[in-house]
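All remarks here apply to the structure that follows.
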Amino acid sequence: MPPATACQPCAGAFTRTPCAAVKMLFTAMVIIPPRRQQGVDTMAAEKQRLADDKAGRADWRRWGPYVSERQWGTVREDYSPDGNAWSYLPHEHARSRAYRWGEDGIAGFSDDRQHLCLSLALWNGRDPLLKERLFGLTNSEGNHGEDVKELYYYLDATPTHSFLKMLYKYPQGEFPYRRLLHENRQRSAEQAEFELLDTGLFDADAYFDVFVEYAKAATDDILMQVTAHNRGAEAAKLSLLPQLCCRNTWSWRAGTVKPTLSAAAGGVSIEHPELGSFRLDCDADGDCAPTLLFCDNETNARRHFDQPEATGFFKDAFHEYVVEGKAAAVNPAQTGTKAGAHYSLSVPAGGSVRVRLRLTASATGGKRAPPFADFDAIFALRRGEADRFYADLQREIGDPDARLVQRQAFAGMVWSKQFFHYDVEKWLAGDPGQPTPPPARKHGRNCDWKHFASAEVLSMPDKWEYPWFAAWDLAFHCLPLAVIDAEFAKAQLVLLTREWYMHPNGQLPAYEWEFSDVNPPVHAWAAFRVFQIDRRQRREAEQGDPSDPGDLVFLERVFQKLLLNFTWWVNRKDEQGRNIFQGGFLGLDNIGCFDRSKPLPTGGFINQADGTSWMAMFCLNLLRIAVELAVHNHVYEDIASKFFEHFLAIAGAINGVGDESPGLWDEADQFYYDHLSLPDGRNIPLRVHSIVGLIPLLAVQPADLELVEQLPEFSARMEWYLEHRPELAALISNWHVPGCANRVLLSLLRGHRTKALLRRMLDESGFLSPYGVRALSKIHHNEPFRVDVGGASYEVDYWPGESRSGLFGGNSNWRGPVWMPINYLIIESLQQFHHYYGDDFKVECPTGSGKFLTLKEVADELSQRLTGLFLKGEDGQRPVLKTHPKLATDPHFRDCILFHEYFHGDDGRGLGAAHQTGWTGLVAKLLQPGSSQFEELPLARAPARPAPASEERQ
């Protein structure tokens with residue numbers, strides 16, 4: 001990217017470097033009525049930024065919250081021989097070892113290549129460490145695996161990052177690093193985790209609420225405001241140290257030009273070979289003028305490389321200066337690649353302090369405007385625009401509490417974007433001039449993914465426990481993201497199918513820890529749902545075209561790559577070539593007797609009810625996309641026929657039609673089970689009542705017979721196939737007895753089996769929790785499933801909370817909690833079943849209650865239970881926050897929402913990763929009116945026409 005250029009008077013507000021006239025315009029805005037500024041409706045300001053970014057008029061996404069909260073302990077930074085990423089670069093090394101692939105920091109903000117990172121460090125005068133990054137336990141340290149041990153919240157965000165707000169709660173007493181580690185290490189898996197609130201540090205409110213806000217005056221004009229509130233009864237000292245860091249790119253590649261940060265009047269001057277010239281201004285109100293500190297973003301060789309005589313000003317210099325009082329640790333020449341503005345403050349009891357900074361592309365000429373003259377006005381303007389953006393989006397949500405929850409969910413989605421840099425080939429080989437990685441790594445993790453080379457902003461599950469992308473998580477992320485930023489959501493879905501991500505064999509990379517693991521194939525589902533959301537927005541936009549077909553280029557682009565992925569699944573995960581799939585891990589790793597991602601201790605393999613059902617759903621998703629494309633290009637009718645027939649073949653296999661095998665449906669139990677296929681030929685049903693057996697509900701698609709004329713070739717082939725394969729047509733739907741509004745149904749289930757599964761799913765003594773559908777039926781609490789094979793016994797029982805098994809590592813747990821993504825898919829499927837069956841088809845909900853509901857009403861009931869996790873109940877508390885009384889009831893905590901990885905199957909408490917807004921952010925979509933809308937498949941019965949010359953060609 002070329003250096004910034006000077007703003008020309010006619011260039012408008014979207015140039016890289018705003019001139020004084022533009023800054024004066026922002027100042028003038030505050031005296032104009034808030035609804036209109038010079039003819040611009042401020043309600044549309046954020047939408048206009050999105051439109052300008054899409055059109056290439058202004059790069060509003062260039063800067064954003066792209067900095068991880070944890071770079072240490074990640075696979076990218078692991079150069080160990082044994083692949084133990086957590087121990088190779090642990091938290092205690094992070095402050096003094098330079099990272100290779102990225103940076104981390106509290107409330108981090110950077111450009112989209114993470115060349116320059118802005119973040120916040122703090123010190124309360126008592127801690128042993130300068131707090132530059134968040135602390136947590138690694139997988140081996142926590143009694144339920146890796147776990148962040150901090151209190152922080154994402155409160156607000158706009159999709160272009162024009163306004164961002166987060167909250168960090170910092171105790172005034174010494175941060176209990178050792179106690180958190182010791183207490184959790186000695187606890188068993190049956191015990192609860194020991195959290196920061198359990199230490200008592202917050203009991204008397206002796207803590208700071210530190211709010212960090214960002215506002216953009218222009219694309220390259222970033223305002224940062226830090227406001228610290230003392231919630232305690234006594235005045236307390238606080239050091240705030242906003243800091244800039246140049247990501248270290250020069251140590252790994254010879255000849256790389258090194259950026260420089262140097263002191264300038266009132267701030268820091270920045271010269272970067274990629275970004276150009278910038279400047280960081282630091283305000284100096286009263287007696288709080290900051291001390292500027294400089295060092296280099298380099299590893300402290302004295303501490304880590306056994307070089308006691310090494311000289312330099314290393315990465316940990318600010319820690320040594322602030323905490324240890326070593327003035328010589330920082331560069332007296334006030335230059336380097338890391339800079340900080342040290343504010344040493346005293347915060348009165350119940351009072352607050354504020355510091356302001358401004359990062360701006362440097363103008364090349366003319367008089368420079370005072371950097372803080374319009375600072376407060378711009379912040380007020382951007383806050384107001386954010387309020388109006390969400391007021392418009394939430395205009396049909398009447399409940400203020402629901403609006404608060406949804407807005408924070410969206411904030412978490414936006415804040416969890418990260419720059420992800422990982423070039424596997426370079427990572428395996430090592431860098432010139434650096435120690436050669438151990439030979440074992442060339443045959444270890446991700447060694448078959450040498451093509452993988454990422455350097456993009458991606459939507460992450462969260463920024464601490466999962467500071468890397470996960471393929472199926474990302475698919476779920478894209479639905480709520482599409483509500484506020486469809487272009488970003490579409491770009492994310494395309495990105496994972498690009499050549500530098502997708503394996504040449506067609507596999508999508510699962511996640512950084514092991515790209516070759518297998519996730520459920522939900523990418524096609526997400527792509528079409530995002531396409532629908534985007535099309536609806538385009539059609540509803542002011543002066544939009546109601547006949548707009550949607551972004552067909554996006555849909556076709558994703559579809560072409562997903563054909564490769566589908567082929568990979570068929571070729572790699574169907575052991576017997578029978579359309580019964582194994583899949584392996586599939587994200588449901590802790591729900592059965594065995595670790596399905598590894599060779600079975602019994603030998604053989606598992607025919608998976610969920611793996612087979614996911615593939616049936618994949619078929620229907622690709623069929624739906626093919627039909628959409630075929631309406632506009634009849635070439636796609638052939639591929640639509642392919643997926644129609646493949647779906648029928650999978651439906652026949654899972655239900656045992658036309659095959660010697662009985663399939664995976666158990667007629668006696670009225671449920672689908674995995675089958676263990678042993679080397680001696682035995683086939684043992686694993687009679688676990690888990691969501692594995694409910695996944696067949698997800699493979700459903702209603703179809704409209706009225707659109708016959710649009711796809712004549714596909715319709716003719718469909719009619720031929722159904723006529724010649726009547727056993728399959730009879731199994732899956734009533735083709736000759738259309739349902740509601742002349743529709744037919746593509747599904748693995750007929751009405752009887754649908755009701756049978758729902759009878760179990762809606763049983764409150766089994767699957768149905770007050771807060772959604774449990775991953776494992778509660779019947780296994782008193783009746784654990786046990787199978788004895790090869791002289792060993794394997795068991796599954798109900799655990800509604802954290803995992804008690806170390807079989808799968810970490811806090812991995814599918815044995816009873818409520819998971820948002822599976823529940824969301826069940827809700828959508830019920831809506832589609834209702835679209836076919838209509839209001840006459842009712843089921844008892846809950847089972848045994850005597851209350852019968854339509855399937856749409858059942859979907860609404862599940863949605864209310866899920867959103868009820870986050871909304872205040874009759875007691876004024878949110879179930880998700882009932883992990884601790886202070887979270888649930890304290891006025892400074894109770895409206896700060898945590899979006900956990902999963903939820904206690906009985907009481908709804910949040911569990912697992914506390915900030916995994918990623919897939920749990922689907923609650924934002926559930927709260928959005930119209931979330932139940934979907935478009936049915938325009939299948940049709942063809943009119944009479946001559947048969948093709950050769951049936952063999954059909």
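Chain identifiers are assigned as A, B, and so on, following the order in which chains appear in the structure tokens; residues are numbered from 1 within each chain, and ligands are numbered from 1 in order of appearance.
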Proximity of segment 370-426 of chain A to segment 265-268 of chain A: per-residue shortest pair, 12 Å limit, only C-alpha atoms, as a Markdown table:
```
| residue | atom | partner | partner_atom | distance |
| --- | --- | --- | --- | --- |
| A:Pro370 | CA | A:Gly266 | CA | 11.0 |
| A:Pro371 | CA | A:Gly266 | CA | 10.1 |
| A:Phe372 | CA | A:Gly266 | CA | 11.5 |
```
Taking a cut-off of 10 Å and counting only C-alpha atoms, can you build a table that, for each residue of segment 79-175 of chain A near segment 475-487 of chain A, reports the nearest atom pair and how far apart they are in Å (one decimal), sorted by chain then residue number, as JSON lines?
```
{"residue": "A:Thr158", "atom": "CA", "partner": "A:Ile484", "partner_atom": "CA", "distance": 8.3}
{"residue": "A:Pro159", "atom": "CA", "partner": "A:Asp485", "partner_atom": "CA", "distance": 6.2}
{"residue": "A:Thr160", "atom": "CA", "partner": "A:Asp485", "partner_atom": "CA", "distance": 8.6}
```
Would you list the contacts of Arg750 of chain A as a list in words, taking every protein, DNA or RNA residue within 12 Å and counting only C-alpha atoms, but skipping same-chain residues closer than 6 positions in sequence?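 Non-adjacent residues within range: Ala651, Asn655, Pro696, Leu697, Ala699, Val700, Leu728, Ala729, Ala730, Leu731, Ile732, Ser733, Asn734, Trp735, Val744, Ala756, Leu757, Phe833, Tyr836 and Tyr837 of chain A.
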Generate a file of the selected residues that holds N, CA and C atoms, formatted as a PDB file, in the first residue's frame.
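And here's part_3.pdb as it stands now:
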```pdb
ATOM      1  N   ALA A 651     -30.657 -40.630   1.794  1.00  0.00           N
ATOM      2  CA  ALA A 651     -31.878 -40.887   2.555  1.00  0.00           C
ATOM      3  C   ALA A 651     -32.186 -42.377   2.588  1.00  0.00           C
ATOM      4  N   ASN A 655     -31.882 -44.851   6.094  1.00  0.00           N
ATOM      5  CA  ASN A 655     -33.126 -45.500   6.498  1.00  0.00           C
ATOM      6  C   ASN A 655     -33.196 -46.967   6.073  1.00  0.00           C
ATOM      7  N   PRO A 696     -30.668 -35.755  11.893  1.00  0.00           N
ATOM      8  CA  PRO A 696     -31.495 -35.983  10.696  1.00  0.00           C
ATOM      9  C   PRO A 696     -32.616 -34.957  10.508  1.00  0.00           C
ATOM     10  N   LEU A 697     -33.043 -34.304  11.580  1.00  0.00           N
ATOM     11  CA  LEU A 697     -34.070 -33.271  11.448  1.00  0.00           C
ATOM     12  C   LEU A 697     -33.581 -32.094  10.597  1.00  0.00           C
ATOM     13  N   ALA A 699     -31.869 -32.052   7.829  1.00  0.00           N
ATOM     14  CA  ALA A 699     -31.875 -32.252   6.372  1.00  0.00           C
ATOM     15  C   ALA A 699     -33.303 -32.143   5.866  1.00  0.00           C
ATOM     16  N   VAL A 700     -33.750 -30.920   5.625  1.00  0.00           N
ATOM     17  CA  VAL A 700     -35.137 -30.685   5.231  1.00  0.00           C
ATOM     18  C   VAL A 700     -35.198 -29.473   4.312  1.00  0.00           C
ATOM     19  N   LEU A 728     -37.665 -44.847  -2.863  1.00  0.00           N
ATOM     20  CA  LEU A 728     -37.032 -43.677  -2.248  1.00  0.00           C
ATOM     21  C   LEU A 728     -38.014 -42.519  -2.140  1.00  0.00           C
ATOM     22  N   ALA A 729     -38.765 -42.302  -3.184  1.00  0.00           N
ATOM     23  CA  ALA A 729     -39.747 -41.214  -3.145  1.00  0.00           C
ATOM     24  C   ALA A 729     -40.774 -41.448  -2.053  1.00  0.00           C
ATOM     25  N   ALA A 730     -41.202 -42.698  -1.896  1.00  0.00           N
ATOM     26  CA  ALA A 730     -42.205 -42.997  -0.875  1.00  0.00           C
ATOM     27  C   ALA A 730     -41.644 -42.812   0.531  1.00  0.00           C
ATOM     28  N   LEU A 731     -40.361 -43.045   0.673  1.00  0.00           N
ATOM     29  CA  LEU A 731     -39.760 -42.935   1.998  1.00  0.00           C
ATOM     30  C   LEU A 731     -39.672 -41.504   2.486  1.00  0.00           C
ATOM     31  N   ILE A 732     -39.265 -40.594   1.608  1.00  0.00           N
ATOM     32  CA  ILE A 732     -38.905 -39.269   2.106  1.00  0.00           C
ATOM     33  C   ILE A 732     -40.005 -38.235   2.022  1.00  0.00           C
ATOM     34  N   SER A 733     -40.979 -38.380   1.137  1.00  0.00           N
ATOM     35  CA  SER A 733     -42.000 -37.343   1.073  1.00  0.00           C
ATOM     36  C   SER A 733     -43.184 -37.796   0.232  1.00  0.00           C
ATOM     37  N   ASN A 734     -44.288 -37.092   0.347  1.00  0.00           N
ATOM     38  CA  ASN A 734     -45.506 -37.391  -0.402  1.00  0.00           C
ATOM     39  C   ASN A 734     -45.498 -36.608  -1.709  1.00  0.00           C
ATOM     40  N   TRP A 735     -44.809 -37.154  -2.683  1.00  0.00           N
ATOM     41  CA  TRP A 735     -44.677 -36.413  -3.932  1.00  0.00           C
ATOM     42  C   TRP A 735     -46.006 -36.243  -4.652  1.00  0.00           C
ATOM     43  N   VAL A 744     -44.246 -29.783  -1.724  1.00  0.00           N
ATOM     44  CA  VAL A 744     -43.742 -31.102  -1.365  1.00  0.00           C
ATOM     45  C   VAL A 744     -42.547 -30.904  -0.450  1.00  0.00           C
ATOM     46  N   ALA A 756     -41.817 -38.857  16.038  1.00  0.00           N
ATOM     47  CA  ALA A 756     -41.119 -39.721  16.983  1.00  0.00           C
ATOM     48  C   ALA A 756     -39.881 -39.012  17.543  1.00  0.00           C
ATOM     49  N   LEU A 757     -39.100 -38.375  16.669  1.00  0.00           N
ATOM     50  CA  LEU A 757     -37.924 -37.655  17.147  1.00  0.00           C
ATOM     51  C   LEU A 757     -38.316 -36.472  18.023  1.00  0.00           C
ATOM     52  N   PHE A 833     -40.215 -27.464   8.207  1.00  0.00           N
ATOM     53  CA  PHE A 833     -41.220 -28.519   8.283  1.00  0.00           C
ATOM     54  C   PHE A 833     -42.626 -27.917   8.332  1.00  0.00           C
ATOM     55  N   TYR A 836     -44.172 -26.855   5.102  1.00  0.00           N
ATOM     56  CA  TYR A 836     -44.792 -27.929   4.323  1.00  0.00           C
ATOM     57  C   TYR A 836     -46.081 -28.443   4.985  1.00  0.00           C
ATOM     58  N   TYR A 837     -46.005 -28.752   6.275  1.00  0.00           N
ATOM     59  CA  TYR A 837     -47.137 -29.401   6.940  1.00  0.00           C
ATOM     60  C   TYR A 837     -48.251 -28.429   7.296  1.00  0.00           C
TER      61      TYR A 837
END
```
Can you tell me, as a ChimeraX atom specification, what residues are no more than 8 Å from Gly351 of chain A when counting only C-alpha atoms, ignoring any on the same chain fewer than 2 positions away? /A:229-231,347-349,353
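Residues surrounding Leu164 of chain A within 9 Å are Pro65, Tyr154, Leu155, Asp156, Ala157, Thr158, Val212, Glu213, Tyr214, Ala215, Arg383, Ala411, Val414 and Trp415 of chain A [only C-alpha atoms; sequence separation below 4 positions excluded].
In this comparison, which uses only C-alpha atoms, the residue of A:Asn300, A:Tyr79, A:Arg682, A:Leu881 approaching Ala429 of chain A most closely is A:Tyr79.
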Report the residues of segment 786-862 of chain A whose backbone DSSP state falls under strand (DSSP E), written as an NGL selection string. :A and (786-789 or 792-796 or 842-844 or 852-854)
Give me, as an mmCIF file with N, CA and C atoms, in the first residue's frame, all polymer residues having an atom no more than 10 Å from Ser677 of chain A, counting only C-alpha atoms and skipping those fewer than 6 positions away in the same chain.
```
data_model
loop_
_atom_site.group_PDB
_atom_site.id
_atom_site.type_symbol
_atom_site.label_atom_id
_atom_site.label_comp_id
_atom_site.auth_asym_id
_atom_site.auth_seq_id
_atom_site.Cartn_x
_atom_site.Cartn_y
_atom_site.Cartn_z
ATOM 1 N N THR A 602 -11.183 -50.232 19.537
ATOM 2 C CA THR A 602 -11.776 -51.524 19.186
ATOM 3 C C THR A 602 -11.402 -51.962 17.778
ATOM 4 N N GLY A 603 -10.759 -51.064 16.995
ATOM 5 C CA GLY A 603 -10.600 -51.301 15.578
ATOM 6 C C GLY A 603 -11.913 -51.018 14.868
ATOM 7 N N GLY A 604 -11.901 -51.043 13.549
ATOM 8 C CA GLY A 604 -13.112 -50.776 12.784
ATOM 9 C C GLY A 604 -13.388 -49.296 12.655
ATOM 10 N N PHE A 605 -14.654 -48.953 12.503
ATOM 11 C CA PHE A 605 -15.048 -47.565 12.309
ATOM 12 C C PHE A 605 -16.490 -47.398 12.761
ATOM 13 N N ILE A 606 -16.924 -46.142 12.820
ATOM 14 C CA ILE A 606 -18.291 -45.834 13.234
ATOM 15 C C ILE A 606 -19.050 -45.271 12.046
ATOM 16 N N ASN A 607 -20.176 -45.885 11.733
ATOM 17 C CA ASN A 607 -21.119 -45.292 10.790
ATOM 18 C C ASN A 607 -21.945 -44.273 11.563
ATOM 19 N N ASN A 683 -21.883 -55.434 13.819
ATOM 20 C CA ASN A 683 -22.375 -54.061 13.697
ATOM 21 C C ASN A 683 -23.191 -53.756 14.947
ATOM 22 N N ILE A 684 -22.653 -52.923 15.834
ATOM 23 C CA ILE A 684 -23.268 -52.699 17.144
ATOM 24 C C ILE A 684 -23.868 -51.301 17.206
ATOM 25 N N PRO A 685 -25.197 -51.179 17.373
ATOM 26 C CA PRO A 685 -25.781 -49.841 17.570
ATOM 27 C C PRO A 685 -25.318 -49.250 18.896
#
```
Please provide the set of residues having any atom within 9 Å of segment 566-583 of chain A, restricted to only C-alpha atoms, with same-chain residues fewer than 3 positions apart removed, written as a ChimeraX atom specification. /A:505-507,518-521,561-563,586,596-597,605-613,615,618-619,646,649-654,659,663-664
Please save N, CA and C atoms of the selected residues as a short mmCIF file (atom, residue, chain, number, x, y, z; two decimals), in the first residue's frame.
```
data_model
loop_
_atom_site.label_atom_id
_atom_site.label_comp_id
_atom_site.auth_asym_id
_atom_site.auth_seq_id
_atom_site.Cartn_x
_atom_site.Cartn_y
_atom_site.Cartn_z
N ASN A 505 -7.22 -31.08 -2.35
CA ASN A 505 -8.14 -32.21 -2.45
C ASN A 505 -9.59 -31.85 -2.16
N GLY A 506 -9.84 -30.60 -1.79
CA GLY A 506 -11.20 -30.14 -1.56
C GLY A 506 -11.60 -29.98 -0.11
N GLN A 507 -10.74 -30.36 0.83
CA GLN A 507 -11.10 -30.22 2.24
C GLN A 507 -10.96 -28.78 2.70
N VAL A 518 -12.16 -32.74 10.97
CA VAL A 518 -13.34 -32.60 10.12
C VAL A 518 -14.46 -31.92 10.90
N ASN A 519 -14.97 -30.83 10.35
CA ASN A 519 -16.12 -30.13 10.90
C ASN A 519 -17.36 -30.45 10.07
N PRO A 520 -18.54 -30.33 10.65
CA PRO A 520 -19.75 -30.53 9.84
C PRO A 520 -19.79 -29.60 8.64
N PRO A 521 -20.24 -30.08 7.49
CA PRO A 521 -20.23 -29.27 6.27
C PRO A 521 -21.40 -28.30 6.21
N LYS A 561 -16.62 -23.84 -5.53
CA LYS A 561 -15.63 -24.43 -4.62
C LYS A 561 -16.25 -25.49 -3.72
N LEU A 562 -17.50 -25.31 -3.35
CA LEU A 562 -18.15 -26.31 -2.50
C LEU A 562 -18.40 -27.61 -3.24
N LEU A 563 -18.44 -27.57 -4.54
CA LEU A 563 -18.51 -28.82 -5.31
C LEU A 563 -17.27 -29.67 -5.03
N LEU A 586 -16.15 -34.02 13.76
CA LEU A 586 -17.39 -33.28 13.50
C LEU A 586 -17.79 -32.30 14.59
N ARG A 596 -13.79 -39.82 18.16
CA ARG A 596 -14.03 -40.19 16.77
C ARG A 596 -12.99 -39.59 15.82
N SER A 597 -12.12 -38.74 16.32
CA SER A 597 -11.08 -38.17 15.47
C SER A 597 -9.83 -39.04 15.45
N PHE A 605 -14.65 -48.95 12.50
CA PHE A 605 -15.05 -47.57 12.31
C PHE A 605 -16.49 -47.40 12.76
N ILE A 606 -16.92 -46.14 12.82
CA ILE A 606 -18.29 -45.83 13.23
C ILE A 606 -19.05 -45.27 12.05
N ASN A 607 -20.18 -45.88 11.73
CA ASN A 607 -21.12 -45.29 10.79
C ASN A 607 -21.95 -44.27 11.56
N GLN A 608 -21.83 -43.02 11.19
CA GLN A 608 -22.35 -41.94 12.02
C GLN A 608 -23.71 -41.44 11.53
N ALA A 609 -24.66 -41.42 12.45
CA ALA A 609 -25.97 -40.85 12.11
C ALA A 609 -25.85 -39.37 11.83
N ASP A 610 -24.97 -38.69 12.59
CA ASP A 610 -24.82 -37.25 12.35
C ASP A 610 -24.02 -37.00 11.08
N GLY A 611 -22.91 -37.73 10.86
CA GLY A 611 -22.14 -37.53 9.65
C GLY A 611 -22.97 -37.75 8.40
N THR A 612 -23.79 -38.80 8.42
CA THR A 612 -24.65 -39.08 7.27
C THR A 612 -25.71 -38.01 7.10
N SER A 613 -26.27 -37.53 8.19
CA SER A 613 -27.31 -36.49 8.12
C SER A 613 -26.73 -35.16 7.68
N MET A 615 -24.32 -34.81 5.67
CA MET A 615 -24.14 -34.92 4.22
C MET A 615 -25.46 -34.79 3.48
N PHE A 618 -26.05 -31.19 3.46
CA PHE A 618 -25.13 -30.60 2.49
C PHE A 618 -25.70 -30.73 1.08
N CYS A 619 -26.22 -31.92 0.77
CA CYS A 619 -26.84 -32.14 -0.54
C CYS A 619 -27.98 -31.15 -0.79
N HIS A 646 -28.49 -37.58 -5.33
CA HIS A 646 -27.57 -37.97 -4.27
C HIS A 646 -28.25 -37.88 -2.90
N ALA A 649 -30.25 -40.95 -2.44
CA ALA A 649 -29.41 -42.11 -2.14
C ALA A 649 -29.00 -42.12 -0.67
N ILE A 650 -28.65 -40.95 -0.11
CA ILE A 650 -28.29 -40.87 1.31
C ILE A 650 -29.50 -41.17 2.18
N ALA A 651 -30.66 -40.63 1.79
CA ALA A 651 -31.88 -40.89 2.55
C ALA A 651 -32.19 -42.38 2.59
N GLY A 652 -32.02 -43.05 1.45
CA GLY A 652 -32.25 -44.48 1.42
C GLY A 652 -31.28 -45.23 2.29
N ALA A 653 -30.00 -44.81 2.29
CA ALA A 653 -28.98 -45.51 3.07
C ALA A 653 -29.21 -45.38 4.56
N ILE A 654 -29.49 -44.17 5.04
CA ILE A 654 -29.64 -43.97 6.48
C ILE A 654 -30.90 -44.67 7.01
N ASP A 659 -31.23 -52.09 0.69
CA ASP A 659 -29.88 -52.45 1.11
C ASP A 659 -29.98 -53.58 2.12
N GLY A 663 -29.72 -49.81 7.95
CA GLY A 663 -29.64 -48.37 8.11
C GLY A 663 -29.37 -48.01 9.55
N LEU A 664 -29.60 -46.76 9.91
CA LEU A 664 -29.27 -46.26 11.26
C LEU A 664 -30.50 -45.93 12.08
#
```
Residues of segment 164-219 of chain A that approach segment 901-924 of chain A to 12 Å or less, counting only C-alpha atoms: could you list each one with the shortest pair of atoms and its distance in Å to one decimal, rows by chain and increasing residue number, as a tab-separated table?
```
residue	atom	partner	partner_atom	distance
A:Ala192	CA	A:Leu911	CA	10.1
A:Glu193	CA	A:Leu911	CA	9.9
A:Glu195	CA	A:Ala914	CA	11.4
```
Identify which of the residues A:Leu50, A:Ala377, A:Ile397, A:Leu552 lies closest to Leu927 of chain A, counting only C-alpha atoms when measuring atom-to-atom distances.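 Ranked by minimum distance to Leu927 of chain A, first place goes to A:Ile397.
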Mind running segment 712-756 of chain A against segment 628-635 of chain A at 12 Å and telling me each contacting residue's nearest atom pair with the distance in Å (one decimal), counting only C-alpha atoms, chain and number ascending, as a Markdown table?
```
| residue | atom | partner | partner_atom | distance |
| --- | --- | --- | --- | --- |
| A:Pro712 | CA | A:His634 | CA | 9.1 |
| A:Glu713 | CA | A:His634 | CA | 8.3 |
| A:Phe714 | CA | A:His634 | CA | 9.0 |
| A:Ser715 | CA | A:Ala630 | CA | 11.7 |
```
Proximity check segment 624-743 of chain A to segment 775-799 of chain A, 9 Å, nearest pairs one decimal Å, only C-alpha atoms, as a tab-separated table:
```
residue	atom	partner	partner_atom	distance
A:Leu686	CA	A:Val787	CA	7.6
A:Arg687	CA	A:Phe785	CA	7.0
A:Val688	CA	A:Phe785	CA	6.2
A:His689	CA	A:Ser777	CA	5.6
A:Ser690	CA	A:Leu776	CA	4.3
A:Ile691	CA	A:Ala775	CA	5.3
A:Val692	CA	A:Ala775	CA	8.4
```
Calculate how many Å separate atom CA of Leu926 of chain A from atom CA of His523 of chain A, rounding to one decimal.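 These two atoms are separated by 19.5 Å.
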Nearest candidate to Arg356 of chain A (options A:Gln225, A:Gln172, A:Ser516, A:Asn823; using only C-alpha atoms): A:Gln225
